[in-house]
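Colleague: As input, take final08.tsv (TSV, C-alpha atoms and all ligand atoms):
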```
chain	number	residue	atom	x	y	z
Q	1	MET	CA	32.79	18.75	-28.10
Q	2	ALA	CA	29.76	19.69	-25.98
Q	3	THR	CA	27.87	16.66	-27.32
Q	4	SER	CA	30.62	14.19	-26.43
Q	5	VAL	CA	30.93	15.59	-22.90
Q	6	LEU	CA	27.19	15.26	-22.47
Q	7	SER	CA	27.02	11.72	-23.84
Q	8	ALA	CA	29.84	10.65	-21.49
Q	9	ARG	CA	27.70	11.76	-18.57
Q	10	LYS	CA	25.12	9.50	-17.05
Q	11	VAL	CA	21.64	10.81	-17.81
Q	12	PHE	CA	19.47	9.18	-15.21
Q	13	ALA	CA	19.99	8.82	-11.50
Q	14	ASP	CA	20.57	5.29	-10.20
Q	15	ARG	CA	17.42	5.44	-8.12
Q	16	ILE	CA	15.09	5.55	-11.13
Q	17	GLY	CA	16.77	2.39	-12.42
Q	18	ARG	CA	15.92	0.61	-9.17
Q	19	ILE	CA	12.17	0.64	-9.82
Q	20	GLU	CA	9.77	-0.67	-12.41
Q	21	VAL	CA	6.51	0.64	-13.80
Q	22	SER	CA	3.71	-0.57	-11.53
Q	23	ALA	CA	2.63	-3.95	-12.96
Q	24	THR	CA	-1.04	-3.17	-12.49
Q	25	MET	CA	-0.63	0.07	-14.43
Q	26	ALA	CA	1.35	-1.78	-17.13
Q	27	VAL	CA	-1.46	-4.34	-17.52
Q	28	ALA	CA	-4.01	-1.51	-17.69
Q	29	ALA	CA	-1.99	0.19	-20.45
Q	30	GLU	CA	-1.81	-3.04	-22.49
Q	31	ALA	CA	-5.54	-3.63	-22.02
Q	32	ALA	CA	-6.29	-0.04	-23.07
Q	33	LYS	CA	-4.41	-0.60	-26.34
Q	34	LEU	CA	-6.51	-3.66	-27.14
Q	35	LYS	CA	-9.73	-1.88	-26.17
Q	36	SER	CA	-8.92	1.04	-28.45
Q	37	ALA	CA	-8.38	-1.46	-31.26
Q	38	GLY	CA	-11.99	-2.55	-30.70
Q	39	VAL	CA	-11.39	-5.76	-28.69
Q	40	SER	CA	-14.07	-6.51	-26.10
Q	41	LEU	CA	-12.27	-7.39	-22.87
Q	42	MET	CA	-13.50	-8.77	-19.56
Q	43	ASP	CA	-11.48	-6.59	-17.25
Q	44	PHE	CA	-10.43	-7.84	-13.81
Q	45	GLY	CA	-7.27	-5.73	-13.80
Q	46	ALA	CA	-8.02	-2.43	-12.12
Q	47	GLY	CA	-8.23	-2.35	-8.33
Q	48	GLU	CA	-11.11	0.01	-7.91
Q	49	PRO	CA	-14.77	0.01	-6.92
Q	50	HIS	CA	-17.25	0.06	-9.79
Q	51	PHE	CA	-19.60	2.39	-7.88
Q	52	PRO	CA	-19.77	6.12	-8.49
Q	53	THR	CA	-18.63	8.40	-5.66
Q	54	PRO	CA	-21.62	8.97	-3.31
Q	55	ARG	CA	-23.72	12.06	-4.01
Q	56	HIS	CA	-23.01	13.92	-0.76
Q	57	ILE	CA	-19.26	13.70	-1.31
Q	58	LYS	CA	-19.52	14.99	-4.88
Q	59	ASP	CA	-21.84	17.79	-3.74
Q	60	ALA	CA	-19.37	18.94	-1.08
Q	61	ALA	CA	-16.53	19.22	-3.60
Q	62	ILE	CA	-18.74	20.94	-6.18
Q	63	ALA	CA	-19.93	23.42	-3.56
Q	64	ALA	CA	-16.30	24.08	-2.60
Q	65	ILE	CA	-15.42	24.89	-6.21
Q	66	GLU	CA	-18.50	27.13	-6.55
Q	67	ALA	CA	-17.45	28.93	-3.36
Q	68	ASN	CA	-13.99	29.46	-4.92
Q	69	PHE	CA	-12.26	27.20	-2.44
Q	70	THR	CA	-9.68	26.76	-5.15
Q	71	ARG	CA	-6.48	28.21	-3.74
Q	72	TYR	CA	-3.48	26.71	-2.00
Q	73	THR	CA	-4.19	25.43	1.48
Q	74	VAL	CA	-1.75	24.69	4.26
Q	75	VAL	CA	0.47	21.76	3.29
Q	76	PRO	CA	-0.79	18.99	5.63
Q	77	GLY	CA	-4.44	19.79	4.90
Q	78	ILE	CA	-6.88	22.24	6.42
Q	79	PRO	CA	-7.53	21.67	10.16
Q	80	GLU	CA	-11.09	20.44	9.42
Q	81	VAL	CA	-9.90	17.58	7.22
Q	82	ARG	CA	-7.20	16.55	9.71
Q	83	LYS	CA	-9.84	16.62	12.44
Q	84	ALA	CA	-12.21	14.52	10.31
Q	85	ILE	CA	-9.44	11.94	9.78
Q	86	VAL	CA	-8.59	11.54	13.46
Q	87	GLU	CA	-12.23	11.53	14.57
Q	88	ARG	CA	-13.25	8.89	12.01
Q	89	HIS	CA	-10.33	6.69	13.03
Q	90	ALA	CA	-10.99	7.16	16.75
Q	91	CYS	CA	-14.69	6.38	16.30
Q	92	ASP	CA	-14.15	3.25	14.17
Q	93	PHE	CA	-10.99	1.81	15.74
Q	94	GLY	CA	-10.55	3.35	19.18
Q	95	SER	CA	-7.34	5.22	18.29
Q	96	ASP	CA	-6.33	8.49	19.91
Q	97	TYR	CA	-4.51	10.83	17.54
Q	98	ALA	CA	-4.31	14.62	17.78
Q	99	VAL	CA	-4.90	16.82	14.74
Q	100	ASP	CA	-1.17	17.46	14.35
Q	101	GLU	CA	-0.63	13.71	14.23
Q	102	ALA	CA	-2.49	13.51	10.89
Q	103	ILE	CA	-1.66	14.64	7.37
Q	104	PHE	CA	-3.95	14.62	4.33
Q	105	THR	CA	-2.20	13.54	1.12
Q	106	GLY	CA	-2.95	13.18	-2.59
Q	107	GLY	CA	-3.73	9.49	-2.18
Q	108	GLU	CA	-2.43	6.94	0.29
Q	109	LYS	CA	0.30	5.92	-2.12
Q	110	LEU	CA	1.87	9.34	-1.68
Q	111	ALA	CA	1.66	9.04	2.11
Q	112	LEU	CA	3.44	5.68	1.85
Q	113	PHE	CA	6.06	6.99	-0.57
Q	114	ASN	CA	6.82	9.95	1.69
Q	115	ALA	CA	6.85	7.84	4.86
Q	116	ILE	CA	9.45	5.52	3.34
Q	117	GLN	CA	11.46	8.50	2.08
Q	118	VAL	CA	11.64	10.10	5.52
Q	119	LEU	CA	12.46	6.87	7.38
Q	120	VAL	CA	14.54	4.62	5.16
Q	121	GLU	CA	18.26	5.17	4.53
Q	122	HIS	CA	20.52	3.32	2.11
Q	123	GLY	CA	21.12	-0.14	3.52
Q	124	ASP	CA	18.14	-0.14	5.86
Q	125	GLU	CA	16.02	-3.27	5.75
Q	126	VAL	CA	12.25	-3.29	5.52
Q	127	ILE	CA	10.32	-6.50	6.19
Q	128	LEU	CA	7.58	-7.17	3.67
Q	129	PRO	CA	5.19	-10.14	3.78
Q	130	VAL	CA	4.63	-12.05	0.53
Q	131	PRO	CA	2.38	-11.76	-1.42
Q	132	TYR	CA	2.67	-7.98	-1.32
Q	133	TRP	CA	1.07	-5.06	-3.11
Q	134	VAL	CA	3.27	-4.17	-6.10
Q	135	SER	CA	4.31	-0.69	-5.02
Q	136	PHE	CA	5.81	-1.55	-1.61
Q	137	LYS	CA	8.90	-3.17	-3.09
Q	138	ASP	CA	9.66	-0.40	-5.55
Q	139	ILE	CA	9.02	2.42	-3.08
Q	140	ILE	CA	11.44	0.83	-0.59
Q	141	GLN	CA	14.05	0.30	-3.29
Q	142	TYR	CA	13.66	3.85	-4.58
Q	143	ALA	CA	14.61	5.10	-1.11
Q	144	GLY	CA	17.71	2.85	-1.18
Q	145	GLY	CA	16.30	0.32	1.26
Q	146	THR	CA	16.59	-3.45	1.04
Q	147	VAL	CA	13.40	-5.48	0.98
Q	148	VAL	CA	13.44	-8.49	3.29
Q	149	TYR	CA	10.68	-10.84	2.18
Q	150	LEU	CA	8.61	-12.71	4.70
Q	151	GLU	CA	7.37	-15.88	3.01
Q	152	THR	CA	3.94	-17.13	4.02
Q	153	GLU	CA	2.00	-20.34	3.37
Q	154	GLU	CA	-0.95	-20.40	1.02
Q	155	ALA	CA	-2.32	-23.41	2.95
Q	156	GLU	CA	-2.48	-21.14	6.03
Q	157	SER	CA	-4.24	-18.37	4.10
Q	158	PHE	CA	-0.95	-16.43	3.94
Q	159	ARG	CA	-0.97	-15.88	7.72
Q	160	ILE	CA	1.61	-13.43	9.08
Q	161	THR	CA	2.90	-14.12	12.59
Q	162	ALA	CA	5.05	-12.20	15.07
Q	163	GLU	CA	7.40	-15.21	15.33
Q	164	ALA	CA	8.03	-15.25	11.59
Q	165	ILE	CA	8.71	-11.51	11.63
Q	166	GLU	CA	11.04	-11.81	14.61
Q	167	ARG	CA	13.19	-14.33	12.76
Q	168	LEU	CA	13.91	-11.76	10.05
Q	169	ILE	CA	14.88	-8.88	12.31
Q	170	THR	CA	18.51	-7.76	12.11
Q	171	PRO	CA	20.30	-4.66	13.44
Q	172	LYS	CA	19.52	-3.07	10.05
Q	173	THR	CA	15.75	-3.58	10.24
Q	174	LYS	CA	14.06	-0.19	10.09
Q	175	ALA	CA	10.44	-1.03	9.44
Q	176	ILE	CA	7.81	-3.68	8.87
Q	177	ILE	CA	5.02	-3.08	6.38
Q	178	LEU	CA	1.66	-4.74	6.98
Q	179	ASN	CA	-1.32	-4.52	4.69
Q	180	SER	CA	-4.51	-5.98	6.13
Q	181	PRO	CA	-6.79	-6.90	4.44
Q	182	SER	CA	-4.16	-7.39	1.81
Q	183	ASN	CA	-3.89	-6.71	-1.84
Q	184	PRO	CA	-3.63	-9.18	-3.63
Q	185	ALA	CA	-4.71	-12.18	-1.51
Q	186	GLY	CA	-7.29	-10.55	0.78
Q	187	ASN	CA	-5.75	-12.13	3.90
Q	188	VAL	CA	-6.58	-10.42	7.17
Q	189	ILE	CA	-4.30	-10.24	10.22
Q	190	ASP	CA	-6.44	-10.96	13.28
Q	191	GLU	CA	-6.32	-8.77	16.34
Q	192	ALA	CA	-4.24	-11.17	18.44
Q	193	ASP	CA	-1.55	-11.53	15.74
Q	194	LEU	CA	-1.59	-7.78	15.15
Q	195	GLU	CA	-1.05	-7.08	18.83
Q	196	ARG	CA	1.84	-9.55	19.04
Q	197	ILE	CA	3.46	-8.01	15.96
Q	198	ALA	CA	3.02	-4.51	17.40
Q	199	HIS	CA	4.75	-5.71	20.59
Q	200	VAL	CA	7.71	-7.09	18.65
Q	201	ALA	CA	8.09	-3.86	16.67
Q	202	HIS	CA	7.74	-1.75	19.81
Q	203	GLU	CA	10.27	-3.75	21.83
Q	204	ARG	CA	12.82	-3.74	19.01
Q	205	GLY	CA	12.38	-0.05	18.15
Q	206	ILE	CA	11.23	-0.85	14.61
Q	207	TYR	CA	8.61	1.18	12.77
Q	208	LEU	CA	5.36	-0.58	12.03
Q	209	ILE	CA	3.82	0.81	8.85
Q	210	LEU	CA	0.19	-0.22	8.56
Q	211	ASP	CA	-1.47	0.07	5.19
Q	212	GLU	CA	-5.20	0.26	5.95
Q	213	CYS	CA	-6.36	0.86	2.38
Q	214	TYR	CA	-8.93	-1.98	2.65
Q	215	VAL	CA	-9.58	-1.89	6.40
Q	216	TYR	CA	-13.34	-1.43	5.95
Q	217	LEU	CA	-13.59	-4.25	3.43
Q	218	ASN	CA	-13.46	-7.08	5.94
Q	219	TYR	CA	-16.03	-9.84	5.36
Q	220	GLU	CA	-15.40	-12.20	8.23
Q	221	SER	CA	-14.65	-10.11	11.30
Q	222	LYS	CA	-14.88	-6.64	12.77
Q	223	PRO	CA	-12.31	-4.30	11.19
Q	224	VAL	CA	-9.36	-3.70	13.49
Q	225	SER	CA	-6.50	-1.20	13.42
Q	226	ALA	CA	-3.25	-1.39	15.38
Q	227	GLY	CA	-3.83	2.35	15.81
Q	228	LYS	CA	-5.76	1.38	18.94
Q	229	PHE	CA	-2.55	0.18	20.61
Q	230	GLY	CA	-1.65	3.56	22.09
Q	231	TRP	CA	1.45	2.12	23.78
Q	232	ALA	CA	2.93	1.37	20.32
Q	233	LYS	CA	2.16	4.76	18.81
Q	234	GLU	CA	5.68	6.23	18.87
Q	235	GLN	CA	6.91	3.61	16.37
Q	236	MET	CA	3.79	3.28	14.25
Q	237	ILE	CA	2.49	4.92	11.07
Q	238	VAL	CA	-1.08	4.23	9.97
Q	239	LEU	CA	-1.81	4.88	6.30
Q	240	GLY	CA	-5.36	5.28	5.10
Q	241	SER	CA	-7.13	5.81	1.80
Q	242	LEU	CA	-10.51	7.15	0.81
Q	243	SER	CA	-10.13	5.52	-2.62
Q	244	LYS	CA	-11.75	2.16	-1.99
Q	245	THR	CA	-13.80	2.97	1.12
Q	246	TYR	CA	-15.78	5.77	-0.56
Q	247	ALA	CA	-15.28	4.94	-4.27
Q	248	MET	CA	-12.94	7.91	-4.72
Q	249	THR	CA	-9.95	6.41	-6.57
Q	250	GLY	CA	-9.59	9.29	-9.03
Q	251	TRP	CA	-9.85	12.00	-6.40
Q	252	ARG	CA	-6.50	11.12	-4.84
Q	253	ALA	CA	-7.34	11.30	-1.18
Q	254	GLY	CA	-5.37	9.56	1.54
Q	255	TYR	CA	-3.71	10.21	4.86
Q	256	ALA	CA	-1.11	9.23	7.42
Q	257	LEU	CA	-1.48	9.09	11.18
Q	258	GLY	CA	1.62	8.92	13.33
Q	259	PRO	CA	3.79	10.58	15.95
Q	260	LYS	CA	3.95	14.35	15.61
Q	261	LYS	CA	7.63	14.33	14.60
Q	262	VAL	CA	6.97	11.87	11.77
Q	263	ILE	CA	3.96	13.83	10.52
Q	264	ALA	CA	5.99	17.06	10.65
Q	265	ASN	CA	8.62	15.44	8.43
Q	266	LEU	CA	5.99	14.11	6.02
Q	267	SER	CA	4.65	17.64	5.79
Q	268	LYS	CA	8.14	19.03	5.24
Q	269	LEU	CA	8.73	16.62	2.34
Q	270	GLN	CA	5.27	17.31	0.91
Q	271	SER	CA	6.00	21.06	1.09
Q	272	GLN	CA	8.84	20.46	-1.39
Q	273	SER	CA	6.85	18.28	-3.78
Q	274	THR	CA	3.07	18.40	-4.21
Q	275	SER	CA	2.33	20.99	-1.47
Q	276	ASN	CA	-1.27	20.60	-0.31
Q	277	ALA	CA	-3.57	17.92	-1.72
Q	278	THR	CA	-6.24	19.51	-3.96
Q	279	SER	CA	-8.25	22.06	-1.98
Q	280	PHE	CA	-11.76	20.99	-2.97
Q	281	VAL	CA	-10.86	17.30	-2.64
Q	282	GLN	CA	-10.22	18.10	1.02
Q	283	LYS	CA	-13.82	19.33	1.29
Q	284	GLY	CA	-15.08	16.16	-0.38
Q	285	ALA	CA	-12.98	14.14	2.06
Q	286	ILE	CA	-14.54	15.91	5.03
Q	287	ALA	CA	-18.00	15.02	3.71
Q	288	ALA	CA	-16.86	11.41	3.26
Q	289	LEU	CA	-15.23	11.02	6.68
Q	290	ALA	CA	-17.63	13.07	8.80
Q	291	GLY	CA	-20.86	12.33	6.90
Q	292	SER	CA	-23.11	9.28	6.85
Q	293	GLN	CA	-21.18	6.00	6.67
Q	294	GLU	CA	-24.10	4.10	5.13
Q	295	CYS	CA	-22.34	3.92	1.76
Q	296	VAL	CA	-19.37	2.14	3.35
Q	297	GLU	CA	-21.61	-0.65	4.61
Q	298	GLU	CA	-23.53	-0.81	1.32
Q	299	PHE	CA	-20.31	-1.19	-0.68
Q	300	ARG	CA	-18.96	-3.78	1.75
Q	301	ALA	CA	-22.13	-5.87	1.55
Q	302	GLU	CA	-22.11	-5.84	-2.25
Q	303	PHE	CA	-18.40	-6.69	-2.45
Q	304	LYS	CA	-18.98	-9.67	-0.19
Q	305	LEU	CA	-21.71	-10.96	-2.51
Q	306	LEU	CA	-19.44	-10.41	-5.51
Q	307	ARG	CA	-16.59	-12.23	-3.76
Q	308	ASP	CA	-18.80	-15.26	-3.21
Q	309	TYR	CA	-20.12	-15.08	-6.77
Q	310	MET	CA	-16.57	-14.94	-8.14
Q	311	LEU	CA	-15.37	-17.82	-5.94
Q	312	ALA	CA	-18.30	-19.98	-7.06
Q	313	ALA	CA	-17.55	-19.19	-10.72
Q	314	LEU	CA	-13.85	-20.04	-10.31
Q	315	LYS	CA	-14.76	-23.41	-8.82
Q	316	THR	CA	-16.06	-24.39	-12.27
Q	317	ILE	CA	-12.51	-24.31	-13.68
Q	318	PRO	CA	-10.78	-27.65	-13.11
Q	319	GLU	CA	-7.48	-27.54	-11.18
Q	320	VAL	CA	-7.70	-23.87	-10.29
Q	321	THR	CA	-7.67	-23.45	-6.50
Q	322	CYS	CA	-8.30	-20.31	-4.52
Q	323	THR	CA	-8.03	-19.33	-0.86
Q	324	VAL	CA	-11.10	-17.52	0.39
Q	325	PRO	CA	-10.09	-13.88	0.72
Q	326	ALA	CA	-11.39	-12.52	4.03
Q	327	GLY	CA	-11.19	-8.93	2.83
Q	328	ALA	CA	-10.30	-6.41	0.07
Q	329	PHE	CA	-11.82	-7.03	-3.37
Q	330	TYR	CA	-9.50	-9.43	-5.15
Q	331	VAL	CA	-9.31	-13.16	-5.59
Q	332	TYR	CA	-5.88	-14.71	-5.99
Q	333	PRO	CA	-6.35	-18.09	-7.67
Q	334	ASN	CA	-3.48	-20.54	-7.95
Q	335	VAL	CA	-3.06	-21.44	-11.62
Q	336	SER	CA	0.09	-23.55	-11.27
Q	337	ALA	CA	-1.68	-26.55	-12.82
Q	338	TYR	CA	-1.69	-24.70	-16.14
Q	339	ILE	CA	1.88	-23.40	-16.04
Q	340	GLY	CA	3.96	-25.72	-18.19
Q	341	ARG	CA	0.99	-26.62	-20.41
Q	342	GLY	CA	0.68	-25.89	-24.10
Q	343	GLY	CA	3.30	-27.78	-26.05
Q	344	GLY	CA	6.27	-26.57	-28.15
Q	345	ASN	CA	6.58	-22.85	-28.72
Q	346	SER	CA	3.26	-22.19	-27.10
Q	347	ARG	CA	4.23	-23.71	-23.72
Q	348	ILE	CA	3.28	-21.39	-20.86
Q	349	GLY	CA	6.37	-20.80	-18.69
Q	350	SER	CA	5.10	-18.43	-16.01
Q	351	ALA	CA	2.08	-16.63	-14.58
Q	352	THR	CA	3.18	-13.57	-16.56
Q	353	GLU	CA	3.07	-15.56	-19.81
Q	354	LEU	CA	-0.27	-17.01	-18.79
Q	355	ALA	CA	-1.75	-13.57	-18.06
Q	356	THR	CA	-0.32	-12.15	-21.30
Q	357	ARG	CA	-1.83	-14.93	-23.40
Q	358	LEU	CA	-5.07	-14.82	-21.45
Q	359	LEU	CA	-5.27	-11.15	-22.39
Q	360	HIS	CA	-4.41	-11.52	-26.08
Q	361	GLU	CA	-6.11	-14.85	-26.79
Q	362	GLY	CA	-8.81	-15.11	-24.14
Q	363	HIS	CA	-9.53	-11.37	-23.91
Q	364	VAL	CA	-9.54	-11.40	-20.12
Q	365	VAL	CA	-7.51	-8.92	-18.07
Q	366	ALA	CA	-5.70	-10.32	-15.00
Q	367	VAL	CA	-2.51	-9.31	-13.19
Q	368	PRO	CA	0.20	-11.99	-12.96
Q	369	GLY	CA	1.35	-13.13	-9.53
Q	370	GLU	CA	5.02	-12.29	-10.16
Q	371	ALA	CA	4.03	-8.66	-9.58
Q	372	PHE	CA	3.05	-9.62	-6.03
Q	373	GLY	CA	5.96	-11.95	-5.36
Q	374	THR	CA	4.36	-15.34	-6.07
Q	375	PRO	CA	4.81	-17.06	-9.42
Q	376	HIS	CA	1.79	-19.37	-9.41
Q	377	HIS	CA	-1.15	-17.00	-9.17
Q	378	ILE	CA	-3.09	-14.39	-11.01
Q	379	ARG	CA	-5.02	-11.57	-9.38
Q	380	LEU	CA	-8.58	-10.87	-10.41
Q	381	SER	CA	-10.28	-7.72	-9.17
Q	382	TYR	CA	-14.00	-8.40	-8.74
Q	383	PRO	CA	-15.78	-5.02	-8.45
Q	384	VAL	CA	-17.49	-5.63	-11.78
Q	385	THR	CA	-20.95	-6.77	-12.83
Q	386	ARG	CA	-22.05	-10.37	-12.40
Q	387	ALA	CA	-22.35	-10.57	-16.19
Q	388	THR	CA	-18.64	-9.68	-16.46
Q	389	ILE	CA	-17.77	-12.38	-13.92
Q	390	ASP	CA	-19.87	-14.94	-15.85
Q	391	GLU	CA	-18.37	-14.13	-19.22
Q	392	GLY	CA	-14.84	-13.53	-17.93
Q	393	VAL	CA	-14.66	-16.84	-16.08
Q	394	ARG	CA	-16.23	-18.63	-19.06
Q	395	ARG	CA	-13.48	-17.22	-21.29
Q	396	MET	CA	-10.79	-18.08	-18.77
Q	397	LYS	CA	-11.98	-21.64	-18.52
Q	398	ALA	CA	-12.11	-22.04	-22.31
Q	399	PHE	CA	-8.61	-20.58	-22.64
Q	400	LEU	CA	-7.09	-22.74	-19.89
Q	401	LEU	CA	-8.74	-25.97	-21.02
Q	402	GLY	CA	-7.57	-25.26	-24.55
Q	403	LEU	CA	-3.89	-25.22	-23.55
I	1	LIG	C1	-2.57	-2.01	-0.65
I	1	LIG	C2	-2.76	-0.66	-1.23
I	1	LIG	N1	-2.26	0.40	-0.59
I	1	LIG	C3	-2.39	1.64	-1.07
I	1	LIG	C4	-3.04	1.88	-2.26
I	1	LIG	C5	-3.11	3.28	-2.78
I	1	LIG	O1	-4.30	3.88	-2.54
I	1	LIG	P1	-4.55	5.38	-3.01
I	1	LIG	O2	-5.50	5.32	-4.17
I	1	LIG	O3	-5.14	6.08	-1.83
I	1	LIG	O4	-3.24	5.98	-3.40
I	1	LIG	C6	-3.56	0.81	-2.99
I	1	LIG	C7	-4.21	1.03	-4.28
I	1	LIG	O5	-4.48	0.13	-5.03
I	1	LIG	C8	-3.42	-0.50	-2.45
I	1	LIG	O6	-3.91	-1.56	-3.08
```
Spell out the structure here as C-alpha cells.
Ligand SMILES: Cc1ncc(COP(=O)(O)O)c(C=O)c1O

Modeller:
Amino acid sequence: MATSVLSARKVFADRIGRIEVSATMAVAAEAAKLKSAGVSLMDFGAGEPHFPTPRHIKDAAIAAIEANFTRYTVVPGIPEVRKAIVERHACDFGSDYAVDEAIFTGGEKLALFNAIQVLVEHGDEVILPVPYWVSFKDIIQYAGGTVVYLETEEAESFRITAEAIERLITPKTKAIILNSPSNPAGNVIDEADLERIAHVAHERGIYLILDECYVYLNYESKPVSAGKFGWAKEQMIVLGSLSKTYAMTGWRAGYALGPKKVIANLSKLQSQSTSNATSFVQKGAIAALAGSQECVEEFRAEFKLLRDYMLAALKTIPEVTCTVPAGAFYVYPNVSAYIGRGGGNSRIGSATELATRLLHEGHVVAVPGEAFGTPHHIRLSYPVTRATIDEGVRRMKAFLLGL
C-alpha cells in the first residue's frame, strides 16, 4: 500500500527537469572516461587557465589556515574582502560601490544563480545574446524565467547593440544578461555600445546583469565595465570572478556588486544555502585583489600570444573559418563546411555529432556549438601548451579531411 502511494507521487520537482547538465561539464566527464582508459587526448574542453595560482595568493590562504582562520564568517564575506572587491573595481573601472554593495560568493556562478533567483519570477523574460555561455539559459529556466534570445551576426563579430535589445523588450522583460568578453566567441562590447545598452535598461526599468568573468582578458582595447555608469547603478548587477583573472578556478571565488537592497537579498538567499564562502579562500581573495596585479598582465599577455598561435594553426584547416576573438580564452571556429560530410551511416549531422566523433576518433576534446546556441561551431579553449595546439589541430585537420 505504502509503495503504491509513493510510486503514484511525483519524485522530482518540475524545476530540476527544466535544466540540463552543463555541456562543458558533460564533455569533461566523457573525456575523463577516455583518459582513464589510457587514451591520450588533446584537451581544449575546460575553460580554465593552465597557470598555477600565484604564490602570494596561495601563501595568504595557507597562512590563514595556519592561523586557524577556519570558522564560519559572516555570510556576505568579511569586511576586508568586500572592501578589496569594491576598491579593485573602483581602481580598474572607475566604479563607486560601498562595502555593503558587494558580496563575496563561492564562485561567480553562484552569484549569478542567486541573482537570477532573487529577481526572476515565473513568466519573466530575460534577454540573452547568442552565442551565450551554457549556464545562463539553464539558470534562468530553473528560476521559471523565459529566455528571449538575441540573435547576432557572425560576420559582425557577434556584435550586440542597444537597438537589437530594444526590439526584444516587452512588458515582461525583467533583465538583460551581457557577458563581455564573452564565452564562447570572445566578442567584446565596446564602451559606446555598453553605454547605449545601459541607457535602454535604465530608461525601461530593466535589470542589466553584467558577467565580467573575462573582463581583464581583453586583447584589443582597455577593459571597460558598465559599473562606471553610476547613473545606471540602481538597475545593474556586476558579477565578477577570480577564477580566470588569477588562475583560481578550483578555489571558488566570485562576487556581485549592486544596489544595497539587491546585495542584501543575495546575502539572505546565501544564508539559507552555502552560508559564507570558504573562510581561508576569502583571505586568498584579498591577497589577489589587493596585492600586486602583475600576474594579471602576465597571464593576459600569454593568452594573447596563445590566441594568435591557435588562430594561425586553425587557418591550416581548409574551410574552417574563425572570427578573431577580442577577449576571453576561447576560439569559436565555424565548422559548417564539415557538417553533412561523411557518407551513409557515418554522415555528420550536427556540431554535437562532430565533436563526439572528434573526441572518440580524433582524440581531441572540443565543446559543440549547440551548447552555446549556435549549431555550426565548436569551442576550443586555448590555455594549453603550444605543443598541445600543434598536435590537437593536426589531429583535427586529419579527422575533418578524412570525413
Ligand atoms: C561567462 C562565465 N561566467 C561565469 C563563469 C563562472 O565563473 P566561476 O568559476 O567564478 O564560477 C564562467 C566559467 O566558466 C564563465 O565562462

Colleague: Just want the 8 Å neighbourhood of Ala60 (chain Q), counted on only C-alpha atoms, with same-chain residues fewer than 6 positions away dropped. Output as a list of chain:residue names.

Modeller: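 Selected residues are Q:Lys283, Q:Gly284, Q:Ala287.
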
Colleague: Just checking: using all atoms listed in the file, which residue out of Q:Glu151, Q:Glu125, Q:Glu191, Q:Glu212 ends up closest to ligand LIG 1 (chain I)?

Modeller: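 For ligand LIG 1 (chain I), the nearest of the candidates is Q:Glu212.
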
Colleague: Given all atoms listed in the file, how would the per-residue table for chain Q near ligand LIG 1 (chain I) read, listing every residue at most 10 Å away with its closest atom pair and distance in Å to one decimal, sorted by chain and number, as a tab-separated table?

Modeller:
```
residue	atom	partner	partner_atom	distance
Q:Thr24	CA	I:LIG1	O5	8.9
Q:Ala46	CA	I:LIG1	O5	8.3
Q:Gly47	CA	I:LIG1	O5	5.6
Q:Glu48	CA	I:LIG1	O5	7.2
Q:Thr105	CA	I:LIG1	O3	8.5
Q:Gly106	CA	I:LIG1	O4	7.3
Q:Gly107	CA	I:LIG1	O3	3.7
Q:Glu108	CA	I:LIG1	O3	3.5
Q:Lys109	CA	I:LIG1	O4	3.8
Q:Leu110	CA	I:LIG1	O4	6.4
Q:Ala111	CA	I:LIG1	O4	8.0
Q:Leu112	CA	I:LIG1	C3	7.7
Q:Phe113	CA	I:LIG1	O4	9.8
Q:Tyr132	CA	I:LIG1	C1	8.0
Q:Trp133	CA	I:LIG1	C1	5.3
Q:Val134	CA	I:LIG1	O6	8.2
Q:Ser135	CA	I:LIG1	N1	8.0
Q:Phe136	CA	I:LIG1	N1	8.4
Q:Leu178	CA	I:LIG1	C1	9.1
Q:Asn179	CA	I:LIG1	C1	6.0
Q:Ser180	CA	I:LIG1	C1	8.1
Q:Pro181	CA	I:LIG1	C1	8.2
Q:Ser182	CA	I:LIG1	C1	6.1
Q:Asn183	CA	I:LIG1	C1	5.0
Q:Pro184	CA	I:LIG1	O6	7.6
Q:Gly186	CA	I:LIG1	C1	9.9
Q:Leu210	CA	I:LIG1	N1	9.5
Q:Asp211	CA	I:LIG1	N1	5.8
Q:Glu212	CA	I:LIG1	N1	7.2
Q:Cys213	CA	I:LIG1	N1	5.1
Q:Tyr214	CA	I:LIG1	C1	7.2
Q:Val215	CA	I:LIG1	C1	9.9
Q:Leu239	CA	I:LIG1	C3	8.1
Q:Gly240	CA	I:LIG1	O3	7.0
Q:Ser241	CA	I:LIG1	O3	4.1
Q:Leu242	CA	I:LIG1	O3	6.1
Q:Ser243	CA	I:LIG1	O2	4.9
Q:Lys244	CA	I:LIG1	O2	7.3
Q:Thr245	CA	I:LIG1	O3	9.7
Q:Ala247	CA	I:LIG1	O2	9.8
Q:Met248	CA	I:LIG1	O2	7.9
Q:Thr249	CA	I:LIG1	O2	5.2
Q:Gly250	CA	I:LIG1	O2	7.5
Q:Trp251	CA	I:LIG1	O2	8.3
Q:Arg252	CA	I:LIG1	O2	5.9
Q:Ala253	CA	I:LIG1	O3	5.7
Q:Gly254	CA	I:LIG1	O3	4.8
Q:Tyr255	CA	I:LIG1	O3	8.0
Q:Ala328	CA	I:LIG1	O6	8.6
Q:Phe329	CA	I:LIG1	O6	9.6
Q:Tyr330	CA	I:LIG1	O6	9.9
```

Colleague: Looking at Q:Gln293, Q:Asn114, Q:Ser22, Q:Thr152, which one is nearest to Ile263 (chain Q), with distances taken over all atoms listed in the file?

Modeller: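 Looking only at the distances to Ile263 (chain Q), the closest residue turns out to be Q:Asn114.
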
Colleague: Compare Q:Asn68, Q:Asn334, Q:Asp92, Q:Ala31 by their minimum atom-to-atom distance to Ala290 (chain Q), counting all atoms listed in the file, and give me the closest one.

Modeller: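 Of Q:Asn68, Q:Asn334, Q:Asp92, Q:Ala31, the one nearest Ala290 (chain Q), counting all atoms listed in the file, is Q:Asp92.
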
Colleague: So, counting only C-alpha atoms, which residue among Q:Asn218, Q:Gln235, Q:Gln270, Q:Thr388 is closest to His199 (chain Q)?

Modeller: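 For His199 (chain Q), the nearest of the candidates is Q:Gln235.
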